[in-house]
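Structure data (compact mmCIF, C-alpha atoms) from entry_26.txt:
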```
# COMPACT_ATOMS: atom_id res chain seq x y z
CA MET A 1 136.30 7.57 75.51
CA ASN A 2 133.29 9.23 73.91
CA SER A 3 131.56 9.24 77.29
CA ARG A 4 134.62 10.88 78.91
CA ARG A 5 134.70 13.58 76.21
CA SER A 6 131.01 14.29 76.73
CA ILE A 7 131.58 14.71 80.46
CA LEU A 8 134.54 17.07 79.89
CA PHE A 9 132.54 19.10 77.38
CA ALA A 10 129.67 19.43 79.85
CA ILE A 11 132.08 20.54 82.58
CA SER A 12 133.58 23.12 80.19
CA ILE A 13 130.14 24.53 79.31
CA PHE A 14 129.21 24.70 83.00
CA ALA A 15 132.45 26.52 83.85
CA THR A 16 131.93 29.02 81.03
CA SER A 17 128.36 29.69 82.17
CA ALA A 18 129.50 30.13 85.76
CA THR A 19 132.20 32.58 84.67
CA ALA A 20 129.65 34.57 82.63
CA ALA A 21 127.24 34.63 85.57
CA SER A 22 130.01 35.86 87.86
CA ALA A 23 131.03 38.53 85.33
CA ALA A 24 127.44 39.77 85.19
CA ASP A 25 127.80 40.79 88.84
CA SER A 26 130.83 42.97 88.10
CA SER A 27 132.02 45.31 85.37
CA PRO A 28 133.52 43.23 82.53
CA ALA A 29 136.88 44.25 81.15
CA PRO A 30 136.87 46.07 77.80
CA LEU A 31 137.38 43.95 74.70
CA GLN A 32 140.69 44.89 73.10
CA GLU A 33 140.23 45.32 69.32
CA PRO A 34 143.39 45.13 67.19
CA THR A 35 143.86 47.57 64.33
CA LYS A 36 142.42 46.23 61.11
CA SER A 37 141.89 47.22 57.49
CA LEU A 38 138.28 47.58 56.27
CA PRO A 39 137.77 47.24 52.52
CA PRO A 40 134.67 48.96 51.08
CA PRO A 41 131.81 46.44 51.01
CA THR A 42 130.89 45.21 47.54
CA ALA A 43 128.06 42.74 48.16
CA ASP A 44 124.65 44.40 47.77
CA VAL A 45 126.24 47.87 47.56
CA SER A 46 126.12 49.91 44.34
CA LYS A 47 129.30 51.28 42.77
CA PRO A 48 128.36 54.90 43.56
CA MET A 49 127.72 54.01 47.21
CA GLN A 50 130.97 52.05 47.35
CA ALA A 51 132.76 55.28 46.45
CA ILE A 52 130.93 57.17 49.23
CA VAL A 53 131.56 54.44 51.80
CA GLY A 54 135.21 54.11 50.77
CA ALA A 55 136.00 57.84 50.94
CA PRO A 56 138.64 59.06 53.41
CA LEU A 57 137.60 60.19 56.87
CA ASN A 58 135.80 63.54 56.99
CA PRO A 59 138.69 66.05 57.24
CA ASP A 60 136.58 68.28 59.50
CA TRP A 61 135.69 65.57 62.02
CA ASP A 62 137.84 67.11 64.75
CA LYS A 63 136.46 70.66 64.48
CA LEU A 64 135.74 71.09 68.17
CA TRP A 65 133.97 74.44 68.25
CA LYS A 66 133.64 76.10 71.63
CA THR A 67 131.04 78.74 70.80
CA GLY A 68 127.95 79.20 68.66
CA GLU A 69 129.79 81.87 66.69
CA GLU A 70 132.58 79.45 65.78
CA ALA A 71 130.11 76.79 64.68
CA ARG A 72 128.07 79.28 62.64
CA ALA A 73 131.12 80.55 60.74
CA PHE A 74 131.86 76.99 59.62
CA ALA A 75 128.16 76.31 58.91
CA GLU A 76 127.83 79.35 56.64
CA ALA A 77 130.83 78.32 54.53
CA GLN A 78 129.52 74.76 54.26
CA ALA A 79 125.99 75.96 53.46
CA ALA A 80 127.19 78.01 50.50
CA LYS A 81 128.57 74.85 48.87
CA VAL A 82 125.35 72.91 49.50
CA VAL A 83 123.09 75.67 48.17
CA ALA A 84 125.12 75.84 44.95
CA GLY A 85 124.02 72.29 44.12
CA LEU A 86 120.35 72.67 44.99
CA PRO A 87 119.05 74.07 41.65
CA ALA A 88 120.20 70.93 39.85
CA MET A 89 118.71 68.72 42.57
CA ARG A 90 115.38 70.56 42.39
CA ALA A 91 115.35 70.01 38.63
CA ARG A 92 116.12 66.30 38.97
CA MET A 93 113.47 65.88 41.66
CA ASP A 94 110.98 68.05 39.71
CA VAL A 95 109.99 70.15 42.73
CA SER A 96 109.67 73.82 43.62
CA VAL A 97 110.93 75.38 46.85
CA GLU A 98 109.37 78.48 48.38
CA PRO A 99 110.75 80.25 51.48
CA SER A 100 108.04 81.31 53.91
CA THR A 101 107.18 81.66 57.61
CA MET A 102 104.63 79.85 59.77
CA ASP A 103 103.74 81.48 63.08
CA GLY A 104 107.02 83.38 62.92
CA VAL A 105 109.15 80.31 62.15
CA ARG A 106 111.21 80.22 58.95
CA VAL A 107 110.28 77.36 56.65
CA TYR A 108 110.83 76.12 53.09
CA ILE A 109 107.76 74.69 51.40
CA VAL A 110 108.73 71.98 48.94
CA THR A 111 106.07 71.04 46.40
CA PRO A 112 106.38 68.28 43.79
CA LYS A 113 105.13 69.13 40.31
CA SER A 114 103.03 65.97 40.48
CA ILE A 115 101.14 64.91 43.61
CA PRO A 116 98.91 61.82 43.35
CA PRO A 117 95.31 62.23 44.59
CA GLU A 118 95.92 60.08 47.66
CA ASN A 119 98.72 62.41 48.85
CA ARG A 120 97.02 65.76 48.25
CA ASP A 121 95.58 65.95 51.76
CA LYS A 122 98.86 64.80 53.40
CA VAL A 123 101.75 66.96 54.66
CA LEU A 124 105.21 65.98 55.88
CA ILE A 125 107.12 68.18 58.33
CA HIS A 126 110.90 67.95 57.93
CA VAL A 127 113.54 68.85 60.51
CA HIS A 128 117.08 68.89 59.15
CA GLY A 129 120.21 67.39 60.64
CA GLY A 130 123.58 68.93 61.33
CA CYS A 131 124.30 68.37 65.04
CA TYR A 132 121.96 71.29 65.91
CA VAL A 133 124.44 73.83 64.49
CA LEU A 134 124.87 73.07 60.76
CA PHE A 135 122.84 73.58 57.54
CA PRO A 136 121.18 76.97 58.05
CA GLY A 137 118.71 78.36 55.51
CA GLU A 138 117.94 76.44 52.35
CA SER A 139 121.02 74.24 52.81
CA GLY A 140 118.95 72.31 55.36
CA ALA A 141 116.22 71.50 52.84
CA SER A 142 118.02 68.96 50.64
CA GLU A 143 116.48 65.96 52.42
CA ALA A 144 113.04 67.59 52.11
CA ILE A 145 113.63 68.03 48.37
CA MET A 146 114.44 64.33 48.00
CA MET A 147 111.42 63.25 50.02
CA ALA A 148 109.10 65.47 47.99
CA GLY A 149 110.64 64.23 44.74
CA PHE A 150 110.79 60.53 45.51
CA GLY A 151 107.66 60.34 47.65
CA HIS A 152 105.45 62.94 45.90
CA TYR A 153 104.38 64.64 49.12
CA LYS A 154 104.19 68.30 50.01
CA VAL A 155 106.97 68.87 52.53
CA ILE A 156 107.47 71.74 54.98
CA SER A 157 111.12 72.00 55.98
CA VAL A 158 111.70 73.85 59.25
CA ASP A 159 114.63 76.30 59.23
CA TYR A 160 114.83 76.25 63.00
CA ARG A 161 116.91 78.67 65.05
CA MET A 162 120.45 77.53 65.84
CA PRO A 163 123.40 78.89 67.81
CA PRO A 164 124.40 81.66 68.17
CA GLU A 165 120.89 82.93 67.31
CA ALA A 166 119.30 80.67 69.91
CA TYR A 167 120.03 77.62 72.03
CA PHE A 168 118.12 74.67 73.53
CA PRO A 169 115.14 74.26 73.27
CA ALA A 170 114.78 76.72 70.33
CA ALA A 171 114.96 74.08 67.56
CA LEU A 172 112.26 71.99 69.22
CA GLU A 173 110.06 75.02 69.93
CA ASP A 174 110.21 76.07 66.28
CA ALA A 175 109.40 72.58 65.01
CA VAL A 176 106.43 72.19 67.37
CA ALA A 177 105.16 75.67 66.43
CA VAL A 178 105.09 74.58 62.78
CA TYR A 179 103.24 71.38 63.73
CA LYS A 180 100.61 73.43 65.57
CA ALA A 181 100.23 75.70 62.55
CA VAL A 182 99.79 72.75 60.19
CA LEU A 183 97.22 71.19 62.56
CA ARG A 184 94.92 74.15 61.92
CA THR A 185 94.39 72.98 58.34
CA THR A 186 95.34 69.30 58.34
CA PRO A 187 94.22 66.44 60.61
CA ALA A 188 97.07 64.96 62.66
CA LYS A 189 96.53 61.54 61.08
CA ASN A 190 97.50 63.08 57.70
CA ILE A 191 100.76 64.60 59.00
CA GLY A 192 104.15 62.88 59.16
CA PHE A 193 107.42 63.97 60.81
CA PHE A 194 110.84 63.06 59.44
CA GLY A 195 114.49 64.05 59.65
CA THR A 196 117.99 62.63 59.90
CA SER A 197 120.66 62.79 62.61
CA ALA A 198 119.81 65.81 64.79
CA GLY A 199 116.66 65.93 62.64
CA GLY A 200 115.96 62.33 63.61
CA ALA A 201 116.31 63.26 67.27
CA LEU A 202 114.07 66.30 66.75
CA THR A 203 111.47 64.05 65.10
CA LEU A 204 111.35 62.02 68.32
CA GLU A 205 111.51 65.13 70.51
CA MET A 206 108.59 66.70 68.63
CA THR A 207 106.55 63.58 69.28
CA LEU A 208 107.49 63.59 72.97
CA ARG A 209 106.58 67.28 73.27
CA ALA A 210 103.29 66.78 71.41
CA LYS A 211 102.41 63.99 73.83
CA GLU A 212 103.44 66.16 76.79
CA GLN A 213 101.27 69.06 75.59
CA GLY A 214 98.26 66.90 74.80
CA LEU A 215 98.51 67.47 71.06
CA PRO A 216 97.28 64.72 68.74
CA MET A 217 99.96 62.32 67.55
CA PRO A 218 101.03 62.57 63.90
CA GLY A 219 100.09 59.69 61.63
CA ALA A 220 103.65 58.35 61.35
CA ILE A 221 107.27 59.39 61.90
CA ALA A 222 110.59 58.60 60.22
CA PRO A 223 113.57 59.35 62.48
CA GLY A 224 116.68 58.60 60.42
CA THR A 225 119.83 57.57 62.34
CA PRO A 226 118.74 59.79 65.23
CA MET A 227 121.10 61.54 67.65
CA ALA A 228 118.96 59.90 70.30
CA ASP A 229 121.57 59.91 73.07
CA VAL A 230 123.99 62.84 73.20
CA THR A 231 125.61 61.38 76.34
CA LYS A 232 127.57 59.19 73.89
CA THR A 233 126.14 55.96 75.33
CA GLY A 234 125.90 52.99 72.97
CA ASP A 235 128.05 50.18 71.59
CA SER A 236 128.61 51.60 68.10
CA PHE A 237 130.16 54.78 69.52
CA TYR A 238 133.10 52.44 70.16
CA THR A 239 132.84 49.71 67.53
CA ASN A 240 132.39 52.21 64.68
CA GLU A 241 134.80 54.89 65.84
CA LYS A 242 137.18 55.73 62.98
CA VAL A 243 135.07 53.35 60.83
CA ASP A 244 132.26 55.85 60.19
CA ASN A 245 133.88 58.23 57.69
CA VAL A 246 131.28 60.98 58.31
CA LEU A 247 131.08 61.52 62.07
CA VAL A 248 134.29 59.56 62.67
CA SER A 249 134.43 59.87 66.47
CA ARG A 250 132.11 60.16 69.46
CA ASP A 251 134.37 63.04 70.53
CA GLY A 252 134.25 64.88 67.18
CA PHE A 253 132.43 67.86 65.73
CA CYS A 254 128.93 66.49 66.29
CA ASP A 255 129.47 66.14 70.02
CA ALA A 256 130.85 69.69 70.07
CA GLY A 257 127.80 71.00 68.19
CA ALA A 258 125.32 69.23 70.47
CA ARG A 259 127.04 70.59 73.57
CA ILE A 260 126.97 74.12 72.18
CA TYR A 261 123.24 73.80 71.46
CA ALA A 262 122.56 72.28 74.92
CA ASN A 263 124.22 75.34 76.47
CA GLY A 264 124.83 73.62 79.80
CA HIS A 265 121.48 71.81 79.93
CA ASP A 266 121.33 68.22 81.21
CA LEU A 267 122.30 66.04 78.24
CA LYS A 268 120.13 63.20 79.52
CA ASP A 269 116.94 65.29 79.22
CA PRO A 270 114.65 63.35 76.83
CA LEU A 271 114.22 66.56 74.81
CA LEU A 272 117.95 66.32 74.03
CA SER A 273 118.40 62.54 74.31
CA PRO A 274 114.95 61.19 73.38
CA VAL A 275 115.90 57.55 73.94
CA TYR A 276 115.26 58.29 77.64
CA GLY A 277 111.70 59.48 76.97
CA ASP A 278 108.43 57.58 77.36
CA MET A 279 107.48 56.34 73.88
CA HIS A 280 104.20 54.67 74.79
CA GLY A 281 101.47 55.93 72.48
CA PHE A 282 103.88 56.94 69.69
CA PRO A 283 102.71 56.63 66.09
CA PRO A 284 104.21 54.05 63.71
CA ALA A 285 107.88 54.73 63.04
CA ILE A 286 110.48 53.78 60.45
CA LEU A 287 114.18 54.14 61.31
CA THR A 288 117.11 54.04 58.90
CA THR A 289 120.84 53.52 59.53
CA GLY A 290 123.91 51.67 58.21
CA THR A 291 126.31 49.03 59.52
CA ARG A 292 129.21 51.53 59.81
CA ASP A 293 127.09 54.32 61.31
CA LEU A 294 128.47 55.75 64.56
CA LEU A 295 124.82 56.15 65.58
CA LEU A 296 123.82 52.59 64.70
CA SER A 297 123.32 51.82 68.39
CA ASN A 298 121.31 55.01 68.93
CA THR A 299 119.00 53.87 66.15
CA VAL A 300 118.76 50.28 67.37
CA ARG A 301 118.08 51.41 70.96
CA VAL A 302 115.23 53.66 69.82
CA HIS A 303 113.80 50.82 67.74
CA ARG A 304 113.90 48.49 70.75
CA LYS A 305 112.35 51.17 72.98
CA LEU A 306 109.50 51.67 70.51
CA ARG A 307 108.90 47.94 70.16
CA ARG A 308 108.87 47.47 73.92
CA ALA A 309 106.27 50.26 74.12
CA GLY A 310 104.07 48.35 71.68
CA VAL A 311 104.67 50.76 68.80
CA VAL A 312 104.80 49.60 65.18
CA ALA A 313 108.44 50.23 64.25
CA ASN A 314 110.50 49.25 61.20
CA LEU A 315 114.31 49.24 61.21
CA ASN A 316 116.19 49.53 57.90
CA VAL A 317 119.95 48.93 58.06
CA PHE A 318 122.00 49.47 54.89
CA GLU A 319 125.13 47.43 54.26
CA GLY A 320 128.38 49.35 54.75
CA GLU A 321 126.94 52.84 55.08
CA SER A 322 128.29 55.37 57.53
CA HIS A 323 126.19 58.07 59.14
CA ALA A 324 123.26 59.28 56.99
CA GLN A 325 124.89 58.25 53.70
CA TYR A 326 121.56 56.99 52.38
CA GLN A 327 120.64 60.65 51.76
CA PHE A 328 123.94 62.07 50.51
CA ASP A 329 123.18 61.98 46.77
CA ASP A 330 119.79 61.62 45.07
CA ARG A 331 121.46 59.86 42.10
CA VAL A 332 122.67 56.89 44.16
CA PRO A 333 120.45 53.76 43.98
CA GLU A 334 120.42 53.32 47.77
CA THR A 335 119.04 56.84 48.18
CA LYS A 336 116.08 56.12 45.94
CA GLU A 337 115.59 52.83 47.76
CA ALA A 338 115.69 54.43 51.23
CA PHE A 339 113.28 57.23 50.37
CA GLY A 340 111.06 54.74 48.58
CA GLU A 341 110.82 52.66 51.76
CA ILE A 342 110.10 55.72 53.91
CA SER A 343 107.48 57.12 51.55
CA HIS A 344 105.82 53.70 51.29
CA PHE A 345 105.69 53.60 55.10
CA PHE A 346 103.97 57.01 55.13
CA GLU A 347 101.55 55.83 52.42
CA LYS A 348 100.66 52.83 54.58
CA HIS A 349 100.10 54.70 57.84
CA LEU A 350 99.06 58.29 57.12
CA GLY A 351 95.32 58.85 57.08
CA ASN A 352 94.53 55.88 59.34
```

Please re-express this file's structure in structure tokens.
Amino acid sequence: MNSRRSILFAISIFATSATAASAADSSPAPLQEPTKSLPPPTADVSKPMQAIVGAPLNPDWDKLWKTGEEARAFAEAQAAKVVAGLPAMRARMDVSVEPSTMDGVRVYIVTPKSIPPENRDKVLIHVHGGCYVLFPGESGASEAIMMAGFGHYKVISVDYRMPPEAYFPAALEDAVAVYKAVLRTTPAKNIGFFGTSAGGALTLEMTLRAKEQGLPMPGAIAPGTPMADVTKTGDSFYTNEKVDNVLVSRDGFCDAGARIYANGHDLKDPLLSPVYGDMHGFPPAILTTGTRDLLLSNTVRVHRKLRRAGVVANLNVFEGESHAQYQFDDRVPETKEAFGEISHFFEKHLGN
């Protein structure tokens, strides 16, 4: 009897394997996922982050702007609310922020009151997120303020041109212009790039463009949950749809913003979807995302691409977090933890 069961089990395994092999030669049918209720995660998630993760879906997720003017009107109203909270954040982070220009590009220079000796010859260049259309002016500098405060680095935040002022590749051109300006006074090995979402994509795009133009590679990069594929390719665009309470849907406002910025350009161009670029020769990279992030797959795919190219690459995935929630509030423990990991990564690799 035991022998007969073993034979039947072996036959079953063989049949399953044969079916899988056959399916590999054709397009498998979609997995049908029943509706389910998702409680906020409690294990290894702080109470403040539980509140952020458990918030209702972003009420503006389905703002499907058609023009740069429409997107900018929304962005200006949103920016006013963000800027109102920045003085308190600057005080908590103990930093100063100075608007300036570098080679004609608008920037905000964020300087911590205390910079340790080992960081005084280092500079971080920040490119903000916002689907290429949101967070104009100082409203885009909040992540730079947190990095300067938690990491004790001087940070230059690029206020790159956005629609309707300019379209692809304006944001990338501005960011690379700032890098070239910084290179005149700082060795590349002492410079880091970082940003989140569209800023994460721009971090990768800057590195691709630097490689293309024969510029020296920065010492390290930190692309946070990057919009690395604006063609909406990737598993989590489906598994985390209506689970991510920030972006919510692959067909929501962020897709609309990216398409406005692209202005008809091929969305698979590596300077819009950097996951399709050649990442050989990239500097060490640290990537950050969350288990409910709509762009979890974008982040994972970039990490795999970097690893396959022989690049040192760390992947940090936070329990329960939706898109970019590790940098929503500087008072949340996970925010301090995330920026601590990123700044430690820069400490380890810059200057080498």

Legend entry - Between CA of Met227 in chain A and CA of Ala201 in chain A, distance in Å (one decimal): 5.1 Å

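Considering only C-alpha atoms, the residue among A:Leu124, A:Ile221, A:Cys131, A:Val95 positioned nearest to Thr186 in chain A is A:Leu124.
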
Inset, instruction - Please determine the residues with any atom at most 10 Å from (109.7, 82.8, 62.8) (coordinates as given in the file, with all atoms listed in the file counting) and report them as a ChimeraX atom specification. - result: /A:100-107,158-161,174,177-178

Take every atom of range 189-196 of chain A listed in the file, fit an axis-aligned box around them, add 5 Å per side, and give the centre and edge lengths in Å to one decimal as JSON.
```
{"center_x": 107.3, "center_y": 63.1, "center_z": 59.4, "size_x": 31.5, "size_y": 13.1, "size_z": 13.4}
```

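Close contacts of Val248 in chain A, defined as residues with an atom at most 12 Å away when counting all atoms listed in the file, with chain neighbours fewer than 5 positions off set aside, comprise Ala55, Pro56, Leu57, Asn58, Pro59, Asp60, Trp61, Asp62, Lys63, Ser236, Phe237, Tyr238, Thr239, Asn240, Glu241, Lys242, Val243, Phe253, Cys254, Asp255, Arg292, Asp293, Leu294, Leu295, Ser322 and His323 of chain A.
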
Output file for the residues above (C-alpha atoms, as a PDB file, keeping the file's coordinate frame):
```pdb
ATOM      1  CA  ALA A  55     136.000  57.840  50.940  1.00  0.00           C
ATOM      2  CA  PRO A  56     138.640  59.060  53.410  1.00  0.00           C
ATOM      3  CA  LEU A  57     137.600  60.190  56.870  1.00  0.00           C
ATOM      4  CA  ASN A  58     135.800  63.540  56.990  1.00  0.00           C
ATOM      5  CA  PRO A  59     138.690  66.050  57.240  1.00  0.00           C
ATOM      6  CA  ASP A  60     136.580  68.280  59.500  1.00  0.00           C
ATOM      7  CA  TRP A  61     135.690  65.570  62.020  1.00  0.00           C
ATOM      8  CA  ASP A  62     137.840  67.110  64.750  1.00  0.00           C
ATOM      9  CA  LYS A  63     136.460  70.660  64.480  1.00  0.00           C
ATOM     10  CA  SER A 236     128.610  51.600  68.100  1.00  0.00           C
ATOM     11  CA  PHE A 237     130.160  54.780  69.520  1.00  0.00           C
ATOM     12  CA  TYR A 238     133.100  52.440  70.160  1.00  0.00           C
ATOM     13  CA  THR A 239     132.840  49.710  67.530  1.00  0.00           C
ATOM     14  CA  ASN A 240     132.390  52.210  64.680  1.00  0.00           C
ATOM     15  CA  GLU A 241     134.800  54.890  65.840  1.00  0.00           C
ATOM     16  CA  LYS A 242     137.180  55.730  62.980  1.00  0.00           C
ATOM     17  CA  VAL A 243     135.070  53.350  60.830  1.00  0.00           C
ATOM     18  CA  PHE A 253     132.430  67.860  65.730  1.00  0.00           C
ATOM     19  CA  CYS A 254     128.930  66.490  66.290  1.00  0.00           C
ATOM     20  CA  ASP A 255     129.470  66.140  70.020  1.00  0.00           C
ATOM     21  CA  ARG A 292     129.210  51.530  59.810  1.00  0.00           C
ATOM     22  CA  ASP A 293     127.090  54.320  61.310  1.00  0.00           C
ATOM     23  CA  LEU A 294     128.470  55.750  64.560  1.00  0.00           C
ATOM     24  CA  LEU A 295     124.820  56.150  65.580  1.00  0.00           C
ATOM     25  CA  SER A 322     128.290  55.370  57.530  1.00  0.00           C
ATOM     26  CA  HIS A 323     126.190  58.070  59.140  1.00  0.00           C
TER      27      HIS A 323
END
```

Legend entry - Among listed residues A:Val110, A:Ala71, A:Ile260, A:Leu31, nearest Ile125 in chain A (using all atoms listed in the file): A:Val110

Inset, instruction - Measuring atom to atom with only C-alpha atoms, identify which of A:Thr196, A:Ser46, A:Thr111, A:Asn298 is nearest to Gly129 in chain A. - result: A:Thr196

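Taking only C-alpha atoms into account, Phe345 in chain A lies nearest to A:Ala222 out of the set A:Ala222, A:Ala324, A:Leu204, A:Leu247.
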
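With distances restricted to all atoms listed in the file, A:Glu143 is the closest residue to Met93 in chain A from A:Asp269, A:Glu341, A:Glu143, A:Asp244.
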
Taking (102.9, 57.4, 78.1) in the file's coordinates as the center, which residues reach within 10 Å of it, counting all atoms listed in the file, put as an mmCIF file with C-alpha atoms, keeping the file's coordinate frame?
```cif
data_model
loop_
_atom_site.group_PDB
_atom_site.id
_atom_site.type_symbol
_atom_site.label_atom_id
_atom_site.label_comp_id
_atom_site.auth_asym_id
_atom_site.auth_seq_id
_atom_site.Cartn_x
_atom_site.Cartn_y
_atom_site.Cartn_z
ATOM 1 C CA LEU A 208 107.490 63.590 72.970
ATOM 2 C CA LYS A 211 102.410 63.990 73.830
ATOM 3 C CA GLU A 212 103.440 66.160 76.790
ATOM 4 C CA GLY A 277 111.700 59.480 76.970
ATOM 5 C CA ASP A 278 108.430 57.580 77.360
ATOM 6 C CA MET A 279 107.480 56.340 73.880
ATOM 7 C CA HIS A 280 104.200 54.670 74.790
ATOM 8 C CA GLY A 281 101.470 55.930 72.480
ATOM 9 C CA PHE A 282 103.880 56.940 69.690
ATOM 10 C CA ALA A 309 106.270 50.260 74.120
#
```

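Taking CA of Tyr167 in chain A as the reference point, CA of His265 in chain A is found at 9.9 Å.
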